[in-house]
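The data block below is data-v1.cif; it holds mmCIF, C-alpha atoms and all ligand atoms.
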data_data
#
loop_
_atom_site.label_atom_id
_atom_site.label_comp_id
_atom_site.auth_asym_id
_atom_site.auth_seq_id
_atom_site.Cartn_x
_atom_site.Cartn_y
_atom_site.Cartn_z
CA MET A 88 7.10 -13.86 -20.71
CA SER A 89 3.72 -15.02 -19.34
CA THR A 90 1.37 -12.58 -17.59
CA PRO A 91 2.22 -12.38 -13.87
CA THR A 92 -0.35 -13.76 -11.42
CA ARG A 93 1.20 -12.08 -8.40
CA LEU A 94 0.38 -8.81 -6.65
CA LEU A 95 2.89 -6.77 -4.67
CA LEU A 96 1.75 -5.51 -1.25
CA VAL A 97 3.94 -2.68 0.07
CA ASN A 98 3.65 -1.29 3.59
CA GLY A 99 5.82 1.61 4.63
CA PRO A 100 7.47 2.88 7.81
CA ASN A 101 6.02 2.03 11.23
CA LEU A 102 3.27 -0.20 9.87
CA ASN A 103 5.10 -3.12 11.53
CA LEU A 104 3.71 -1.60 14.76
CA LEU A 105 0.10 -2.19 13.74
CA GLY A 106 -1.95 -3.73 16.51
CA THR A 107 0.59 -2.80 19.18
CA ARG A 108 0.05 0.98 19.59
CA GLU A 109 -2.47 3.71 18.76
CA PRO A 110 -5.42 1.30 18.25
CA GLU A 111 -7.78 4.31 18.38
CA VAL A 112 -6.20 5.55 15.13
CA TYR A 113 -5.10 2.38 13.33
CA GLY A 114 -7.27 -0.37 14.85
CA ASP A 115 -6.09 -3.53 16.58
CA ALA A 116 -5.27 -5.77 13.63
CA THR A 117 -1.59 -6.62 13.18
CA LEU A 118 0.50 -6.41 10.02
CA ALA A 119 0.29 -10.21 9.82
CA ASP A 120 -3.53 -9.89 9.85
CA VAL A 121 -3.33 -7.35 7.02
CA GLU A 122 -1.06 -9.57 4.95
CA ALA A 123 -3.32 -12.59 5.51
CA LEU A 124 -6.40 -10.59 4.47
CA VAL A 125 -4.67 -9.40 1.31
CA GLU A 126 -3.58 -12.96 0.49
CA ARG A 127 -7.13 -14.31 1.00
CA THR A 128 -8.68 -11.55 -1.09
CA ALA A 129 -6.15 -11.96 -3.89
CA ALA A 130 -6.58 -15.75 -3.86
CA GLU A 131 -10.30 -15.29 -4.61
CA ALA A 132 -9.15 -13.88 -7.96
CA SER A 133 -6.35 -16.46 -8.34
CA TYR A 134 -3.52 -14.04 -7.54
CA GLU A 135 -0.61 -14.73 -5.23
CA VAL A 136 0.89 -11.96 -3.12
CA ARG A 137 4.43 -10.86 -2.28
CA SER A 138 4.36 -8.74 0.87
CA VAL A 139 7.03 -6.29 1.89
CA GLN A 140 7.10 -3.93 4.86
CA SER A 141 10.09 -1.80 5.64
CA ASN A 142 11.03 1.22 7.68
CA HIS A 143 13.65 2.07 5.04
CA GLU A 144 12.71 3.98 1.91
CA GLY A 145 15.39 2.34 -0.25
CA VAL A 146 14.21 -1.17 0.65
CA LEU A 147 10.70 -0.25 -0.48
CA ILE A 148 12.04 1.26 -3.70
CA ASP A 149 14.10 -1.88 -4.44
CA ALA A 150 11.02 -4.06 -3.84
CA ILE A 151 8.99 -1.94 -6.25
CA HIS A 152 11.73 -2.20 -8.89
CA ALA A 153 11.80 -5.99 -8.45
CA GLY A 154 8.02 -6.13 -8.73
CA ARG A 155 8.28 -4.81 -12.24
CA ASP A 156 9.66 -8.22 -13.32
CA ASP A 157 7.05 -10.56 -11.88
CA CYS A 158 4.05 -8.70 -10.44
CA ALA A 159 0.88 -7.55 -12.17
CA GLY A 160 0.09 -4.62 -9.88
CA ILE A 161 0.80 -2.96 -6.55
CA VAL A 162 -1.24 -2.25 -3.41
CA ILE A 163 0.66 0.26 -1.31
CA ASN A 164 0.30 1.98 2.02
CA PRO A 165 3.42 4.13 1.99
CA GLY A 166 2.86 5.32 5.57
CA ALA A 167 4.32 8.78 6.18
CA LEU A 168 6.37 8.50 2.95
CA THR A 169 3.04 9.20 1.24
CA HIS A 170 3.44 12.83 2.17
CA THR A 171 7.17 13.26 1.59
CA SER A 172 8.69 10.90 -0.92
CA ILE A 173 9.24 11.89 -4.53
CA ALA A 174 11.68 8.95 -4.73
CA LEU A 175 8.90 6.47 -3.93
CA ARG A 176 6.64 8.14 -6.49
CA ASP A 177 9.39 7.89 -9.12
CA ALA A 178 9.88 4.19 -8.34
CA LEU A 179 6.15 3.55 -8.79
CA LEU A 180 6.19 5.41 -12.09
CA ALA A 181 9.26 3.47 -13.22
CA ALA A 182 7.60 0.15 -12.39
CA ARG A 183 4.83 0.96 -14.86
CA LEU A 184 2.35 -1.21 -12.97
CA PRO A 185 -1.16 -0.26 -11.83
CA VAL A 186 -1.14 1.01 -8.26
CA VAL A 187 -3.88 1.23 -5.64
CA GLU A 188 -3.04 3.39 -2.61
CA VAL A 189 -4.56 2.56 0.75
CA HIS A 190 -4.58 4.26 4.15
CA LEU A 191 -6.08 2.85 7.32
CA SER A 192 -7.07 6.24 8.65
CA ASN A 193 -8.96 8.98 6.89
CA VAL A 194 -5.95 11.17 6.20
CA HIS A 195 -8.23 14.02 5.10
CA ARG A 196 -9.72 14.27 8.58
CA ARG A 197 -6.26 14.54 10.14
CA GLU A 198 -3.46 17.13 10.16
CA PRO A 199 -3.09 19.25 7.00
CA PHE A 200 0.33 17.72 6.24
CA ARG A 201 -1.41 14.37 5.69
CA HIS A 202 -3.76 15.79 3.06
CA HIS A 203 -1.22 15.73 0.25
CA SER A 204 -0.04 12.46 -1.28
CA TYR A 205 2.77 12.03 -3.80
CA VAL A 206 1.07 8.79 -4.89
CA SER A 207 -2.63 9.57 -5.32
CA ASP A 208 -2.46 11.19 -8.75
CA ILE A 209 -0.56 8.23 -10.20
CA ALA A 210 -2.81 5.64 -8.53
CA GLU A 211 -5.75 3.88 -10.17
CA ALA A 212 -7.68 4.28 -6.93
CA VAL A 213 -7.22 5.48 -3.36
CA VAL A 214 -8.90 3.91 -0.32
CA VAL A 215 -8.81 5.91 2.93
CA GLY A 216 -10.44 5.56 6.32
CA ALA A 217 -11.83 2.05 5.92
CA GLY A 218 -9.33 0.50 8.35
CA VAL A 219 -7.94 -2.91 7.53
CA ASP A 220 -10.92 -3.68 5.27
CA GLY A 221 -9.53 -0.99 2.98
CA TYR A 222 -6.76 -3.39 1.96
CA ALA A 223 -9.35 -5.90 0.73
CA PHE A 224 -11.14 -3.14 -1.21
CA ALA A 225 -7.81 -2.10 -2.69
CA VAL A 226 -7.05 -5.64 -3.88
CA GLN A 227 -10.54 -6.00 -5.36
CA GLN A 228 -10.15 -2.73 -7.24
CA LEU A 229 -6.68 -3.65 -8.48
CA VAL A 230 -7.98 -6.99 -9.75
CA ARG A 231 -10.80 -5.15 -11.55
CA VAL A 232 -8.31 -2.80 -13.20
CA LEU A 233 -6.18 -5.77 -14.26
CA GLY A 234 -9.27 -7.14 -15.97
O1 LIG B 301 -3.57 5.86 7.73
C1 LIG B 301 -2.58 5.30 7.24
O2 LIG B 301 -2.60 4.15 6.82
C2 LIG B 301 -1.26 6.06 7.18
O3 LIG B 301 -0.59 5.70 5.98
C3 LIG B 301 -0.44 5.60 8.37
C4 LIG B 301 0.87 6.35 8.52
C5 LIG B 301 0.64 7.85 8.50
O4 LIG B 301 1.88 8.54 8.54
C6 LIG B 301 -0.12 8.27 7.26
O5 LIG B 301 -0.34 9.67 7.31
C7 LIG B 301 -1.46 7.56 7.18
C8 LIG B 301 1.55 5.98 9.84
C9 LIG B 301 1.81 4.53 10.01
C10 LIG B 301 2.15 4.31 11.44
O6 LIG B 301 1.61 3.08 11.84
C11 LIG B 301 1.51 2.85 13.16
C12 LIG B 301 0.76 1.77 13.53
C13 LIG B 301 0.59 1.47 14.85
C14 LIG B 301 1.20 2.25 15.82
C15 LIG B 301 1.95 3.33 15.45
C16 LIG B 301 2.12 3.63 14.12
#
Do you think you could lay out the structure here as structure tokens?
Ligand code: CA2
Amino acid sequence: MSTPTRLLLVNGPNLNLLGTREPEVYGDATLADVEALVERTAAEASYEVRSVQSNHEGVLIDAIHAGRDDCAGIVINPGALTHTSIALRDALLAARLPVVEVHLSNVHRREPFRHHSYVSDIAEAVVVGAGVDGYAFAVQQLVRVLG
């Protein structure tokens, strides 16, 4: 099998609402803007992107399993599942792909329950608090890791 030239972008619950509510926390870019930015940034390194957003944990897990077959690495903002989901963590471990975790907000400046992530210690890198630009940084770092 040839080396995949595709990255998997995973956005978790409620991130479909980006740009429609709470702009003071999450900015005014939409999910479509995020996906376009990730595609542009990946294209600079000759990677394609498969984007998935879901409000359902199982859908995200299935997408991660599928990514194992044809993606080189994963950029993920798991949303609130970051702080709760051992199942999502296990799926990422099972995929055996490099992962970069990204959060729009600086979760460490927010409520204590947002300070723990089930993903961070299995991620190659974590980007927090850089807003939408953080997704571009995450792609650049993932590409670097992929060498
Ligand atoms: O800062 C981030 O990117 C978060 O992953 C966003 C999650 C939150 O639970 C994490 O602690 C940090 C929430 C996503 C909700 O997205 C919305 C976007 C617009 C309006 C309402 C919610």
- Task: Choose the residue, out of A:His202, A:Gly166, A:Ser138, A:Arg155, that has the smallest atom-to-atom separation from Leu104 of chain A; count all atoms listed in the file.
- Result: A:Gly166
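Proximity of A:Arg231, A:His143, A:Arg108, A:Arg137 to ligand LIG 301 (chain B), computed with only C-alpha atoms and all ligand atoms, is greatest for A:Arg108.
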- Task: Would you list the residues that come within 6 Å of ligand LIG 301 (chain B)? Count all atoms listed in the file and give the answer as a ChimeraX atom specification.
- Result: /A:101-102,104-105,108-109,113,164-167,190-192,194,201
- Item | Closest of A:Val112, A:His170, A:Thr117, A:Gly234 to Asn193 of chain A - atom-to-atom distances counting all atoms listed in the file | A:Val112
- Task: Would you mind listing what lies within 8 Å of Glu135 of chain A as a VMD selection string, with all atoms listed in the file counted and same-chain residues fewer than 6 positions away left out?
- Result: chain A and resid 92 to 94 126 129
- Task: For atom CA of Leu118 of chain A and atom CA of Leu147 of chain A, determine how far apart the two atoms are, in Å to one decimal place.
- Result: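 Between atom CA of Leu118 of chain A and atom CA of Leu147 of chain A the gap is 15.9 Å.
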- Can you list, as a count of residues only, every protein, DNA or RNA residue that comes within 12 Å of Val187 of chain A when you count all atoms listed in the file, leaving out same-chain residues fewer than 3 positions away? 37
Atoms are missing here; could segment 106-127 of chain A be completed with N, CA, C and O atoms and written as an mmCIF file, in the frame of the given file?
data_model
loop_
_atom_site.group_PDB
_atom_site.id
_atom_site.type_symbol
_atom_site.label_atom_id
_atom_site.label_comp_id
_atom_site.auth_asym_id
_atom_site.auth_seq_id
_atom_site.Cartn_x
_atom_site.Cartn_y
_atom_site.Cartn_z
ATOM 1 N N GLY A 106 -1.395 -2.822 15.502
ATOM 2 C CA GLY A 106 -1.950 -3.730 16.510
ATOM 3 C C GLY A 106 -1.239 -3.659 17.849
ATOM 4 O O GLY A 106 -1.653 -4.310 18.805
ATOM 5 N N THR A 107 -0.155 -2.877 17.915
ATOM 6 C CA THR A 107 0.590 -2.800 19.180
ATOM 7 C C THR A 107 0.466 -1.441 19.848
ATOM 8 O O THR A 107 0.687 -1.320 21.043
ATOM 9 N N ARG A 108 0.194 -0.382 19.042
ATOM 10 C CA ARG A 108 0.050 0.980 19.590
ATOM 11 C C ARG A 108 -1.010 1.746 18.816
ATOM 12 O O ARG A 108 -1.337 1.360 17.691
ATOM 13 N N GLU A 109 -1.500 2.815 19.400
ATOM 14 C CA GLU A 109 -2.470 3.710 18.760
ATOM 15 C C GLU A 109 -3.658 2.971 18.109
ATOM 16 O O GLU A 109 -4.016 3.257 16.972
ATOM 17 N N PRO A 110 -4.284 2.023 18.835
ATOM 18 C CA PRO A 110 -5.420 1.300 18.250
ATOM 19 C C PRO A 110 -6.592 2.219 17.912
ATOM 20 O O PRO A 110 -7.384 1.921 17.020
ATOM 21 N N GLU A 111 -6.672 3.369 18.638
ATOM 22 C CA GLU A 111 -7.780 4.310 18.380
ATOM 23 C C GLU A 111 -7.636 4.954 16.996
ATOM 24 O O GLU A 111 -8.616 5.407 16.410
ATOM 25 N N VAL A 112 -6.428 4.974 16.459
ATOM 26 C CA VAL A 112 -6.200 5.550 15.130
ATOM 27 C C VAL A 112 -6.144 4.457 14.062
ATOM 28 O O VAL A 112 -6.752 4.572 12.993
ATOM 29 N N TYR A 113 -5.411 3.362 14.376
ATOM 30 C CA TYR A 113 -5.100 2.380 13.330
ATOM 31 C C TYR A 113 -5.786 1.018 13.543
ATOM 32 O O TYR A 113 -5.582 0.109 12.747
ATOM 33 N N GLY A 114 -6.582 0.889 14.617
ATOM 34 C CA GLY A 114 -7.270 -0.370 14.850
ATOM 35 C C GLY A 114 -6.365 -1.364 15.578
ATOM 36 O O GLY A 114 -5.230 -1.053 15.928
ATOM 37 N N ASP A 115 -6.888 -2.584 15.803
ATOM 38 C CA ASP A 115 -6.090 -3.530 16.580
ATOM 39 C C ASP A 115 -5.590 -4.727 15.769
ATOM 40 O O ASP A 115 -4.980 -5.649 16.321
ATOM 41 N N ALA A 116 -5.818 -4.702 14.474
ATOM 42 C CA ALA A 116 -5.270 -5.770 13.630
ATOM 43 C C ALA A 116 -3.750 -5.574 13.482
ATOM 44 O O ALA A 116 -3.249 -4.444 13.514
ATOM 45 N N THR A 117 -3.046 -6.683 13.346
ATOM 46 C CA THR A 117 -1.590 -6.620 13.180
ATOM 47 C C THR A 117 -1.239 -6.605 11.689
ATOM 48 O O THR A 117 -2.079 -6.867 10.819
ATOM 49 N N LEU A 118 0.038 -6.348 11.417
ATOM 50 C CA LEU A 118 0.500 -6.410 10.020
ATOM 51 C C LEU A 118 0.296 -7.811 9.455
ATOM 52 O O LEU A 118 -0.088 -7.963 8.288
ATOM 53 N N ALA A 119 0.506 -8.831 10.284
ATOM 54 C CA ALA A 119 0.290 -10.210 9.820
ATOM 55 C C ALA A 119 -1.178 -10.411 9.429
ATOM 56 O O ALA A 119 -1.478 -11.091 8.433
ATOM 57 N N ASP A 120 -2.096 -9.808 10.198
ATOM 58 C CA ASP A 120 -3.530 -9.890 9.850
ATOM 59 C C ASP A 120 -3.779 -9.223 8.494
ATOM 60 O O ASP A 120 -4.542 -9.746 7.672
ATOM 61 N N VAL A 121 -3.162 -8.064 8.285
ATOM 62 C CA VAL A 121 -3.330 -7.350 7.020
ATOM 63 C C VAL A 121 -2.826 -8.207 5.856
ATOM 64 O O VAL A 121 -3.501 -8.355 4.831
ATOM 65 N N GLU A 122 -1.648 -8.771 6.038
ATOM 66 C CA GLU A 122 -1.060 -9.570 4.950
ATOM 67 C C GLU A 122 -1.909 -10.802 4.658
ATOM 68 O O GLU A 122 -2.095 -11.173 3.494
ATOM 69 N N ALA A 123 -2.460 -11.410 5.705
ATOM 70 C CA ALA A 123 -3.320 -12.590 5.510
ATOM 71 C C ALA A 123 -4.603 -12.208 4.774
ATOM 72 O O ALA A 123 -5.065 -12.931 3.881
ATOM 73 N N LEU A 124 -5.179 -11.064 5.145
ATOM 74 C CA LEU A 124 -6.400 -10.590 4.470
ATOM 75 C C LEU A 124 -6.131 -10.339 2.990
ATOM 76 O O LEU A 124 -6.932 -10.710 2.121
ATOM 77 N N VAL A 125 -5.012 -9.694 2.708
ATOM 78 C CA VAL A 125 -4.670 -9.400 1.310
ATOM 79 C C VAL A 125 -4.465 -10.714 0.542
ATOM 80 O O VAL A 125 -4.935 -10.867 -0.589
ATOM 81 N N GLU A 126 -3.785 -11.669 1.160
ATOM 82 C CA GLU A 126 -3.580 -12.960 0.490
ATOM 83 C C GLU A 126 -4.902 -13.656 0.204
ATOM 84 O O GLU A 126 -5.110 -14.188 -0.889
ATOM 85 N N ARG A 127 -5.814 -13.662 1.185
ATOM 86 C CA ARG A 127 -7.130 -14.310 1.000
ATOM 87 C C ARG A 127 -7.908 -13.625 -0.116
ATOM 88 O O ARG A 127 -8.509 -14.282 -0.961
#
